[in-house]
Amino acid sequence: MSLNAQSIIGTWEMVEAWDIGDDPNDPTKKTYPWGHPSAGYWVYDKSGHFSLMISQNPPLAIPADPFSGAPQPAWLTPAKPWDVPHSLLIDSFATASPYAYFGTYTVEMDNNHPHLGGTIVMNVFSDVMRAYTATVQKRTFLFDGHDYLNVGTPGQYLRRLKRLT
């Protein structure tokens with residue numbers, strides 16, 4: 001891995017995420033699918049493995065038990081069997097739009113300007129929605145100093161990451 005490719009190694013906090021084109025009534029409108037600011041972590045390690053988790057900000061509250069009113073319902077206990085209400089799962093995925101996936105990665109630096117950025121090539125082993133499982137996901141990126149990484153296609157989407165480690 002080149003020196004520039006190594007500089008993406010670390011833990012990154014997603015501090016901004018927007019898309020353009022999600023609103024059919026206004027295809028030029030910038031939307032914030034996980035809130036503004038967004039919430040998430042992207043981790044790239046030196047052995048070539050990555051994981052990322054994105055969630056709504058603020059996160060959805062844990063609902064109270066409908067019978068006792070306790071803040072943590074009985075289904076959250078570690079005792080089996082777990083009986084998670086299906087409506088809660090549907091609400092969580094439909095409302096919070098969480099996303100997570102992991103696997104291995106390589107970095108292809110821009111041939112003409114490797115100090116500016118390149119492409120992260122992620123070989124997804126598995127993902128929470130099963131949309132990326134066993135696929136290759138390529139994400140272009142630009143360095144923004146040492147502590148920020150802008151992932152995305154200009155004019156289409158941006159995932160702005162701030163270095164934590």
# chains A, B, ... in the order shown; residues from 1 in each chain; ligands from 1
call {"tool": "residues_around", "arguments": {"residues": "Pro37 in chain A", "least_positions_apart": "5", "cutoff": "12 Å", "atoms": "only C-alpha atoms", "output": "PyMOL selection string"}}
result
chain A and resi 13-18+31-32+54-59+159-161
call {"tool": "atom_distance", "arguments": {"atom1": "CA of Gly10 in chain A", "atom2": "CA of Lys30 in chain A"}}
result
28.5 Å
call {"tool": "select_by_dssp", "arguments": {"residues": "chain A", "states": "strand (DSSP E)", "output": "VMD selection string"}}
result
chain A and resid 10 to 20 30 to 31 39 to 44 49 to 55 99 to 109 117 to 127 136 to 144 148 to 153 157 to 163
call {"tool": "closest_atom_pairs", "arguments": {"of": "range 27-124 of chain A", "to": "range 138-155 of chain A", "cutoff": "7 Å", "atoms": "only C-alpha atoms", "output": "CSV"}}
result
residue,atom,partner,partner_atom,distance
A:Leu116,CA,A:Phe143,CA,5.5
A:Gly117,CA,A:Leu142,CA,4.3
A:Gly118,CA,A:Phe141,CA,5.5
A:Thr119,CA,A:Thr140,CA,4.2
A:Ile120,CA,A:Arg139,CA,5.2
A:Val121,CA,A:Lys138,CA,4.5
A:Met122,CA,A:Lys138,CA,6.1
call {"tool": "write_last_selection", "arguments": {"atoms": "C-alpha atoms", "output": "compact mmCIF listing (two decimals), in the first residue's frame"}}
result
# COMPACT_ATOMS: atom_id res chain seq x y z
CA LEU A 116 -5.33 14.52 -3.80
CA GLY A 117 -7.15 11.19 -3.51
CA GLY A 118 -8.33 8.18 -5.43
CA THR A 119 -10.82 5.33 -5.09
CA ILE A 120 -11.54 3.03 -2.17
CA VAL A 121 -12.47 -0.41 -3.50
CA MET A 122 -14.49 -2.27 -0.87
call {"tool": "residues_around", "arguments": {"residues": "Asp45 in chain A", "least_positions_apart": "2", "cutoff": "12 Å", "atoms": "only C-alpha atoms", "output": "count of residues only"}}
result
23
call {"tool": "atom_distance", "arguments": {"atom1": "CA of Met53 in chain A", "atom2": "CA of Phe125 in chain A"}}
result
14.3 Å
call {"tool": "residues_around", "arguments": {"residues": "Ser126 in chain A", "least_positions_apart": "6", "cutoff": "9 Å", "atoms": "only C-alpha atoms", "output": "list in words"}}
result
Ala100, Tyr101, Phe102, Gly103, Tyr132, Thr133, Ala134 and Thr135 of chain A
call {"tool": "write_last_selection", "arguments": {"atoms": "N, CA, C and O atoms", "output": "PDB file, in the first residue's frame"}}
result
ATOM      1  N   ALA A 100     -24.954  -0.587   7.614  1.00  0.00           N
ATOM      2  CA  ALA A 100     -23.681  -1.117   8.079  1.00  0.00           C
ATOM      3  C   ALA A 100     -23.209  -2.177   7.101  1.00  0.00           C
ATOM      4  O   ALA A 100     -24.020  -2.966   6.598  1.00  0.00           O
ATOM      5  N   TYR A 101     -21.910  -2.170   6.825  1.00  0.00           N
ATOM      6  CA  TYR A 101     -21.322  -3.253   6.031  1.00  0.00           C
ATOM      7  C   TYR A 101     -19.836  -3.354   6.351  1.00  0.00           C
ATOM      8  O   TYR A 101     -19.248  -2.451   6.938  1.00  0.00           O
ATOM      9  N   PHE A 102     -19.256  -4.514   5.986  1.00  0.00           N
ATOM     10  CA  PHE A 102     -17.854  -4.755   6.307  1.00  0.00           C
ATOM     11  C   PHE A 102     -17.251  -5.718   5.304  1.00  0.00           C
ATOM     12  O   PHE A 102     -17.967  -6.408   4.569  1.00  0.00           O
ATOM     13  N   GLY A 103     -15.926  -5.752   5.271  1.00  0.00           N
ATOM     14  CA  GLY A 103     -15.212  -6.648   4.365  1.00  0.00           C
ATOM     15  C   GLY A 103     -13.760  -6.246   4.268  1.00  0.00           C
ATOM     16  O   GLY A 103     -13.160  -5.789   5.245  1.00  0.00           O
ATOM     17  N   TYR A 132     -25.527  -4.931  -0.496  1.00  0.00           N
ATOM     18  CA  TYR A 132     -24.133  -4.891  -0.921  1.00  0.00           C
ATOM     19  C   TYR A 132     -23.399  -6.219  -0.702  1.00  0.00           C
ATOM     20  O   TYR A 132     -22.257  -6.354  -1.128  1.00  0.00           O
ATOM     21  N   THR A 133     -24.016  -7.181  -0.027  1.00  0.00           N
ATOM     22  CA  THR A 133     -23.351  -8.447   0.277  1.00  0.00           C
ATOM     23  C   THR A 133     -22.768  -9.072  -0.988  1.00  0.00           C
ATOM     24  O   THR A 133     -23.443  -9.168  -2.011  1.00  0.00           O
ATOM     25  N   ALA A 134     -21.490  -9.450  -0.902  1.00  0.00           N
ATOM     26  CA  ALA A 134     -20.759 -10.107  -1.993  1.00  0.00           C
ATOM     27  C   ALA A 134     -20.644  -9.224  -3.237  1.00  0.00           C
ATOM     28  O   ALA A 134     -20.589  -9.727  -4.351  1.00  0.00           O
ATOM     29  N   THR A 135     -20.585  -7.904  -3.042  1.00  0.00           N
ATOM     30  CA  THR A 135     -20.383  -6.990  -4.168  1.00  0.00           C
ATOM     31  C   THR A 135     -19.114  -6.174  -3.936  1.00  0.00           C
ATOM     32  O   THR A 135     -18.566  -6.156  -2.836  1.00  0.00           O
TER      33      THR A 135
END
call {"tool": "residues_around", "arguments": {"residues": "Phe93 in chain A", "least_positions_apart": "5", "cutoff": "10 Å", "atoms": "only C-alpha atoms", "output": "list in words"}}
result
Ser55, Leu88, Pro98, Tyr99 and Met129 of chain A
call {"tool": "write_last_selection", "arguments": {"atoms": "C-alpha atoms", "output": "tab-separated table (two decimals), in the first residue's frame"}}
result
chain	number	residue	atom	x	y	z
A	55	SER	CA	-27.38	5.85	11.58
A	88	LEU	CA	-40.25	-1.99	16.06
A	98	PRO	CA	-29.37	2.56	9.46
A	99	TYR	CA	-26.67	1.06	7.33
A	129	MET	CA	-29.74	-4.70	4.31
call {"tool": "atom_distance", "arguments": {"atom1": "CA of Ser92 in chain A", "atom2": "CA of His36 in chain A"}}
result
18.4 Å
call {"tool": "closest_residue", "arguments": {"among": "A:Ser97, A:Asn112, A:Gln156, A:Asn123", "to": "Trp34 in chain A", "atoms": "only C-alpha atoms"}}
result
A:Ser97
call {"tool": "closest_residue", "arguments": {"among": "A:Thr95, A:Ser68, A:Val136, A:Ile62", "to": "Gly35 in chain A", "atoms": "only C-alpha atoms"}}
result
A:Thr95
call {"tool": "select_by_dssp", "arguments": {"residues": "range 22-150 of chain A", "states": "alpha helix (DSSP H)", "output": "PyMOL selection string"}}
result
chain A and resi 86-96
